[in-house]
Amino acid sequence: MWGIPIMPSAASCCVSRTRHALSVSNVCVLLPLLRVQVAYRCPNGTSRNKLIRDVGHQPASQTMFKLDDGRQVSVAQYYSVTYKVNLRFPALPPLNVSSQGGRKVWVPMELCNVAPGQRRRMLNEQQTTGMLQFAGVGPAERGKYLQDVMARKELGGFNEDPAVKAFGIQIETQMSTVDARILNPPLLAYQRPEAITPGTRGSWNLRDVVFPAGSVIESWAFTSLVDPQYLVNDGPTGTNTFLNDLVGMCNKTGLKCPMPAMGPWDPRHSYEQRLAAARDAAKKQFGKECQMVLVLLERKMTSGESPYALLKQAGDSALGLRTQCFAADKAGIGRNARPPKGRLQYSANVAMKI
């Protein structure tokens with residue numbers, strides 16, 4: 001079963017809102033981890049499914065790689081000479097469909113089809129925000145939109161749809177009225193105050209509360225996945241400043257914990273190695289097995305091969321070690337970070353997770 005060509009999807013990702021410039025960064029975000037069919041060199045018209053690892057940063061005519069004999073050729077030149085395929089769109093970036101950890105294998109985008117039957121398991125941060133904004137529309141505005149979709153042909157016009165007419169279905173354009181009552185929100189139990197009314201917004205401030213049963217942390221550590229050159233230790237946006245604020249908030253809300261041991265971090269080391277080094281630093285400083293490692297991320301992204309997902313895999317599966325992540329952009333950490341706003345509330349939220 002053949003999928004659809006990848007070109008229309010990539011083009012729709014590339015075109016910006018102004019419809020003038022192309023944004024390859026959009027393609028770099030949306031295409032990785034998508035499976036494509038590469039059929040140009042398979043016998044008998046069969047297809048071969050490949051996973052997109054990443055998208056090239058240069059056009060296919062400028063993306064170079066080394067042949068076995070040492071010569072450097074572009075992706076466009078290679079396919080022209082080897083497979084007699086002259087690319088129609090050599091200005092588009094190629095796709096890397098190599099096996100995990102292997103040498104990059106570049107395939108021109110126009111020679112790939114999207115494999116059928118796929119669904120995106122995880123949304124990135126921007127997509128999640130957009131979905132929540134769309135879903136957060138008030139009932140009155142949502143009801144008006146649905147009625148407009150039902151009544152206006154340009155928005156849907158369901159009753160004018162040939163399929164609806166073929167089945168003899170007629171859909172009422174006015175929404176049904178149902179009697180209802182508003183229930184009071186439940187009280188939230190804490191040690192102090194004893195109860196909090198969250199109201200109707202579904203959010204409440206944790207800055208001045210004490211948890212019912214705070215944990216005791218006797219041995220833990222801190223490590224970072226952010227490049228050290230972008231961090232500062234002290235000052236309003238310093239790492240140590242945030243850790244002091246976080247530990248202070250933990251103890252204020254009922255947890256009992258010292259300042260964490262500072263685990264060494266090296267960009268050349270794997271996530272597992274960094275966590276193991278932090279674990280060993282905690283055991284050396286506190287004389288007890290490490291209970292948890294705090295991990296600083298540049299930002300929280302939860303897609304399949306994001307730093308967050310890979311770190312959790314290293315901690316949970318490889319080392320059996322609890323990890324609690326926090327994001328530099330949310331915590332106001334970094335050399336070029338804005339002065340932190342709402343840090344106490346953010347620290348309280350992290351304390352609740354701990």
# chains A, B, ... in the order shown; residues from 1 in each chain; ligands from 1
call {"tool": "select_by_dssp", "arguments": {"residues": "segment 153-194 of chain A", "states": "alpha helix (DSSP H)", "output": "PyMOL selection string"}}
result
chain A and resi 162-166
call {"tool": "residues_around", "arguments": {"residues": "segment 83-96 of chain A", "least_positions_apart": "6", "cutoff": "9 Å", "atoms": "only C-alpha atoms", "output": "PDB file with N, CA, C and O atoms, in the first residue's frame"}}
result
ATOM      1  N   VAL A  24      12.338  26.402   6.676  1.00  0.00           N
ATOM      2  CA  VAL A  24      12.798  25.024   6.752  1.00  0.00           C
ATOM      3  C   VAL A  24      12.754  24.527   8.190  1.00  0.00           C
ATOM      4  O   VAL A  24      12.618  23.337   8.449  1.00  0.00           O
ATOM      5  N   LEU A  31       8.921  16.730  10.569  1.00  0.00           N
ATOM      6  CA  LEU A  31       9.183  15.506   9.817  1.00  0.00           C
ATOM      7  C   LEU A  31       9.959  14.427  10.569  1.00  0.00           C
ATOM      8  O   LEU A  31       9.707  13.246  10.336  1.00  0.00           O
ATOM      9  N   PRO A  32      10.932  14.758  11.451  1.00  0.00           N
ATOM     10  CA  PRO A  32      11.643  13.679  12.127  1.00  0.00           C
ATOM     11  C   PRO A  32      10.714  12.727  12.865  1.00  0.00           C
ATOM     12  O   PRO A  32       9.683  13.131  13.406  1.00  0.00           O
ATOM     13  N   TYR A  40      12.525   4.022  -4.937  1.00  0.00           N
ATOM     14  CA  TYR A  40      13.173   4.270  -6.223  1.00  0.00           C
ATOM     15  C   TYR A  40      14.205   3.206  -6.590  1.00  0.00           C
ATOM     16  O   TYR A  40      14.521   3.016  -7.749  1.00  0.00           O
ATOM     17  N   ARG A  41      14.735   2.464  -5.614  1.00  0.00           N
ATOM     18  CA  ARG A  41      15.757   1.470  -5.943  1.00  0.00           C
ATOM     19  C   ARG A  41      15.398   0.090  -5.392  1.00  0.00           C
ATOM     20  O   ARG A  41      16.259  -0.735  -5.141  1.00  0.00           O
ATOM     21  N   LEU A  51      12.708   5.383   8.722  1.00  0.00           N
ATOM     22  CA  LEU A  51      12.382   6.399   9.724  1.00  0.00           C
ATOM     23  C   LEU A  51      13.244   7.629   9.486  1.00  0.00           C
ATOM     24  O   LEU A  51      14.465   7.524   9.354  1.00  0.00           O
ATOM     25  N   ILE A  52      12.622   8.802   9.410  1.00  0.00           N
ATOM     26  CA  ILE A  52      13.372  10.040   9.243  1.00  0.00           C
ATOM     27  C   ILE A  52      14.036  10.397  10.564  1.00  0.00           C
ATOM     28  O   ILE A  52      13.366  10.608  11.573  1.00  0.00           O
ATOM     29  N   ARG A  53      15.365  10.438  10.563  1.00  0.00           N
ATOM     30  CA  ARG A  53      16.111  10.804  11.764  1.00  0.00           C
ATOM     31  C   ARG A  53      16.222  12.305  11.924  1.00  0.00           C
ATOM     32  O   ARG A  53      16.081  12.844  13.020  1.00  0.00           O
ATOM     33  N   ASP A  54      16.524  12.993  10.832  1.00  0.00           N
ATOM     34  CA  ASP A  54      16.578  14.456  10.868  1.00  0.00           C
ATOM     35  C   ASP A  54      16.512  14.983   9.442  1.00  0.00           C
ATOM     36  O   ASP A  54      16.526  14.210   8.476  1.00  0.00           O
ATOM     37  N   VAL A  55      16.423  16.288   9.323  1.00  0.00           N
ATOM     38  CA  VAL A  55      16.319  16.967   8.028  1.00  0.00           C
ATOM     39  C   VAL A  55      17.579  17.786   7.817  1.00  0.00           C
ATOM     40  O   VAL A  55      18.076  18.435   8.755  1.00  0.00           O
ATOM     41  N   GLY A  56      18.122  17.743   6.602  1.00  0.00           N
ATOM     42  CA  GLY A  56      19.343  18.481   6.312  1.00  0.00           C
ATOM     43  C   GLY A  56      19.174  19.979   6.477  1.00  0.00           C
ATOM     44  O   GLY A  56      18.087  20.525   6.287  1.00  0.00           O
ATOM     45  N   HIS A  57      20.268  20.659   6.823  1.00  0.00           N
ATOM     46  CA  HIS A  57      20.237  22.113   6.991  1.00  0.00           C
ATOM     47  C   HIS A  57      20.596  22.843   5.690  1.00  0.00           C
ATOM     48  O   HIS A  57      20.501  24.068   5.626  1.00  0.00           O
ATOM     49  N   GLN A  58      21.011  22.088   4.670  1.00  0.00           N
ATOM     50  CA  GLN A  58      21.364  22.668   3.383  1.00  0.00           C
ATOM     51  C   GLN A  58      20.512  22.014   2.298  1.00  0.00           C
ATOM     52  O   GLN A  58      19.975  20.923   2.490  1.00  0.00           O
ATOM     53  N   PRO A  59      20.359  22.678   1.139  1.00  0.00           N
ATOM     54  CA  PRO A  59      19.645  22.047   0.021  1.00  0.00           C
ATOM     55  C   PRO A  59      20.344  20.761  -0.417  1.00  0.00           C
ATOM     56  O   PRO A  59      21.533  20.548  -0.126  1.00  0.00           O
ATOM     57  N   ALA A  60      19.611  19.914  -1.116  1.00  0.00           N
ATOM     58  CA  ALA A  60      20.198  18.666  -1.615  1.00  0.00           C
ATOM     59  C   ALA A  60      21.374  18.943  -2.544  1.00  0.00           C
ATOM     60  O   ALA A  60      22.306  18.134  -2.636  1.00  0.00           O
ATOM     61  N   SER A  61      21.361  20.077  -3.230  1.00  0.00           N
ATOM     62  CA  SER A  61      22.461  20.419  -4.141  1.00  0.00           C
ATOM     63  C   SER A  61      23.713  20.861  -3.396  1.00  0.00           C
ATOM     64  O   SER A  61      24.793  20.951  -3.978  1.00  0.00           O
ATOM     65  N   GLN A  62      23.592  21.146  -2.078  1.00  0.00           N
ATOM     66  CA  GLN A  62      24.738  21.603  -1.297  1.00  0.00           C
ATOM     67  C   GLN A  62      25.075  20.679  -0.130  1.00  0.00           C
ATOM     68  O   GLN A  62      26.088  20.878   0.539  1.00  0.00           O
ATOM     69  N   THR A  63      24.233  19.679   0.130  1.00  0.00           N
ATOM     70  CA  THR A  63      24.513  18.715   1.200  1.00  0.00           C
ATOM     71  C   THR A  63      25.535  17.702   0.692  1.00  0.00           C
ATOM     72  O   THR A  63      25.247  16.923  -0.216  1.00  0.00           O
ATOM     73  N   VAL A  75      24.248  15.463  -2.595  1.00  0.00           N
ATOM     74  CA  VAL A  75      23.166  14.476  -2.701  1.00  0.00           C
ATOM     75  C   VAL A  75      22.564  14.511  -4.103  1.00  0.00           C
ATOM     76  O   VAL A  75      22.292  13.464  -4.706  1.00  0.00           O
ATOM     77  N   ALA A  76      22.379  15.710  -4.641  1.00  0.00           N
ATOM     78  CA  ALA A  76      21.796  15.834  -5.981  1.00  0.00           C
ATOM     79  C   ALA A  76      22.705  15.195  -7.033  1.00  0.00           C
ATOM     80  O   ALA A  76      22.229  14.482  -7.933  1.00  0.00           O
ATOM     81  N   GLN A  77      24.019  15.439  -6.940  1.00  0.00           N
ATOM     82  CA  GLN A  77      24.959  14.843  -7.894  1.00  0.00           C
ATOM     83  C   GLN A  77      24.961  13.322  -7.789  1.00  0.00           C
ATOM     84  O   GLN A  77      24.986  12.616  -8.801  1.00  0.00           O
ATOM     85  N   LYS A 104      25.061   8.783   8.292  1.00  0.00           N
ATOM     86  CA  LYS A 104      23.887   9.423   7.710  1.00  0.00           C
ATOM     87  C   LYS A 104      23.649   8.943   6.282  1.00  0.00           C
ATOM     88  O   LYS A 104      24.576   8.851   5.483  1.00  0.00           O
ATOM     89  N   VAL A 105      22.390   8.642   5.986  1.00  0.00           N
ATOM     90  CA  VAL A 105      21.966   8.220   4.650  1.00  0.00           C
ATOM     91  C   VAL A 105      20.957   9.252   4.150  1.00  0.00           C
ATOM     92  O   VAL A 105      19.831   9.325   4.637  1.00  0.00           O
ATOM     93  N   TRP A 106      21.376  10.050   3.168  1.00  0.00           N
ATOM     94  CA  TRP A 106      20.534  11.135   2.683  1.00  0.00           C
ATOM     95  C   TRP A 106      19.676  10.672   1.509  1.00  0.00           C
ATOM     96  O   TRP A 106      20.165  10.032   0.597  1.00  0.00           O
ATOM     97  N   VAL A 107      18.385  11.017   1.571  1.00  0.00           N
ATOM     98  CA  VAL A 107      17.449  10.704   0.499  1.00  0.00           C
ATOM     99  C   VAL A 107      16.731  11.999   0.119  1.00  0.00           C
ATOM    100  O   VAL A 107      16.234  12.712   0.997  1.00  0.00           O
ATOM    101  N   PRO A 108      16.656  12.330  -1.175  1.00  0.00           N
ATOM    102  CA  PRO A 108      15.914  13.532  -1.573  1.00  0.00           C
ATOM    103  C   PRO A 108      14.452  13.446  -1.148  1.00  0.00           C
ATOM    104  O   PRO A 108      13.825  12.388  -1.237  1.00  0.00           O
ATOM    105  N   MET A 109      13.921  14.548  -0.698  1.00  0.00           N
ATOM    106  CA  MET A 109      12.564  14.578  -0.188  1.00  0.00           C
ATOM    107  C   MET A 109      11.546  14.168  -1.248  1.00  0.00           C
ATOM    108  O   MET A 109      10.546  13.488  -0.965  1.00  0.00           O
ATOM    109  N   GLU A 110      11.792  14.538  -2.503  1.00  0.00           N
ATOM    110  CA  GLU A 110      10.812  14.279  -3.551  1.00  0.00           C
ATOM    111  C   GLU A 110      10.719  12.799  -3.922  1.00  0.00           C
ATOM    112  O   GLU A 110       9.788  12.394  -4.624  1.00  0.00           O
ATOM    113  N   LEU A 111      11.655  11.980  -3.454  1.00  0.00           N
ATOM    114  CA  LEU A 111      11.624  10.550  -3.763  1.00  0.00           C
ATOM    115  C   LEU A 111      10.982   9.732  -2.642  1.00  0.00           C
ATOM    116  O   LEU A 111      11.063   8.505  -2.650  1.00  0.00           O
TER     117      LEU A 111
END
call {"tool": "atom_distance", "arguments": {"atom1": "atom CA of Ala115 of chain A", "atom2": "atom CA of Asn49 of chain A"}}
result
7.0 Å
call {"tool": "select_by_dssp", "arguments": {"residues": "segment 59-296 of chain A", "states": "strand (DSSP E)", "output": "NGL selection string"}}
result
:A and (64-66 or 72-74 or 95-96 or 106-107 or 112-114 or 188-189 or 195-196 or 220-224 or 261-262 or 292-296)
call {"tool": "atom_distance", "arguments": {"atom1": "atom CA of Val350 of chain A", "atom2": "atom CA of Ala213 of chain A"}}
result
15.8 Å
call {"tool": "closest_atom_pairs", "arguments": {"of": "segment 127-242 of chain A", "to": "segment 335-338 of chain A", "cutoff": "9 Å", "atoms": "only C-alpha atoms", "output": "JSON lines"}}
result
{"residue": "A:Gln229", "atom": "CA", "partner": "A:Arg335", "partner_atom": "CA", "distance": 8.1}
{"residue": "A:Tyr230", "atom": "CA", "partner": "A:Arg335", "partner_atom": "CA", "distance": 5.3}
{"residue": "A:Leu231", "atom": "CA", "partner": "A:Arg335", "partner_atom": "CA", "distance": 5.1}
{"residue": "A:Val232", "atom": "CA", "partner": "A:Arg335", "partner_atom": "CA", "distance": 5.7}
{"residue": "A:Thr237", "atom": "CA", "partner": "A:Ala337", "partner_atom": "CA", "distance": 6.5}
{"residue": "A:Gly238", "atom": "CA", "partner": "A:Arg335", "partner_atom": "CA", "distance": 7.7}
call {"tool": "atom_distance", "arguments": {"atom1": "atom CA of Lys284 of chain A", "atom2": "atom CA of Ser224 of chain A"}}
result
18.7 Å
call {"tool": "residues_around", "arguments": {"residues": "segment 255-270 of chain A", "least_positions_apart": "6", "cutoff": "8 Å", "atoms": "only C-alpha atoms", "output": "MDAnalysis selection string"}}
result
chainID A and resid 211 214:225 227 243:244 247 277:282 285 351
call {"tool": "closest_atom_pairs", "arguments": {"of": "segment 169-244 of chain A", "to": "segment 136-160 of chain A", "cutoff": "7 Å", "atoms": "only C-alpha atoms", "output": "CSV"}}
result
residue,atom,partner,partner_atom,distance
A:Gln170,CA,A:Asn159,CA,6.1
A:Ile171,CA,A:Asn159,CA,6.3
A:Thr173,CA,A:Met150,CA,5.7
A:Gln174,CA,A:Gln147,CA,6.6
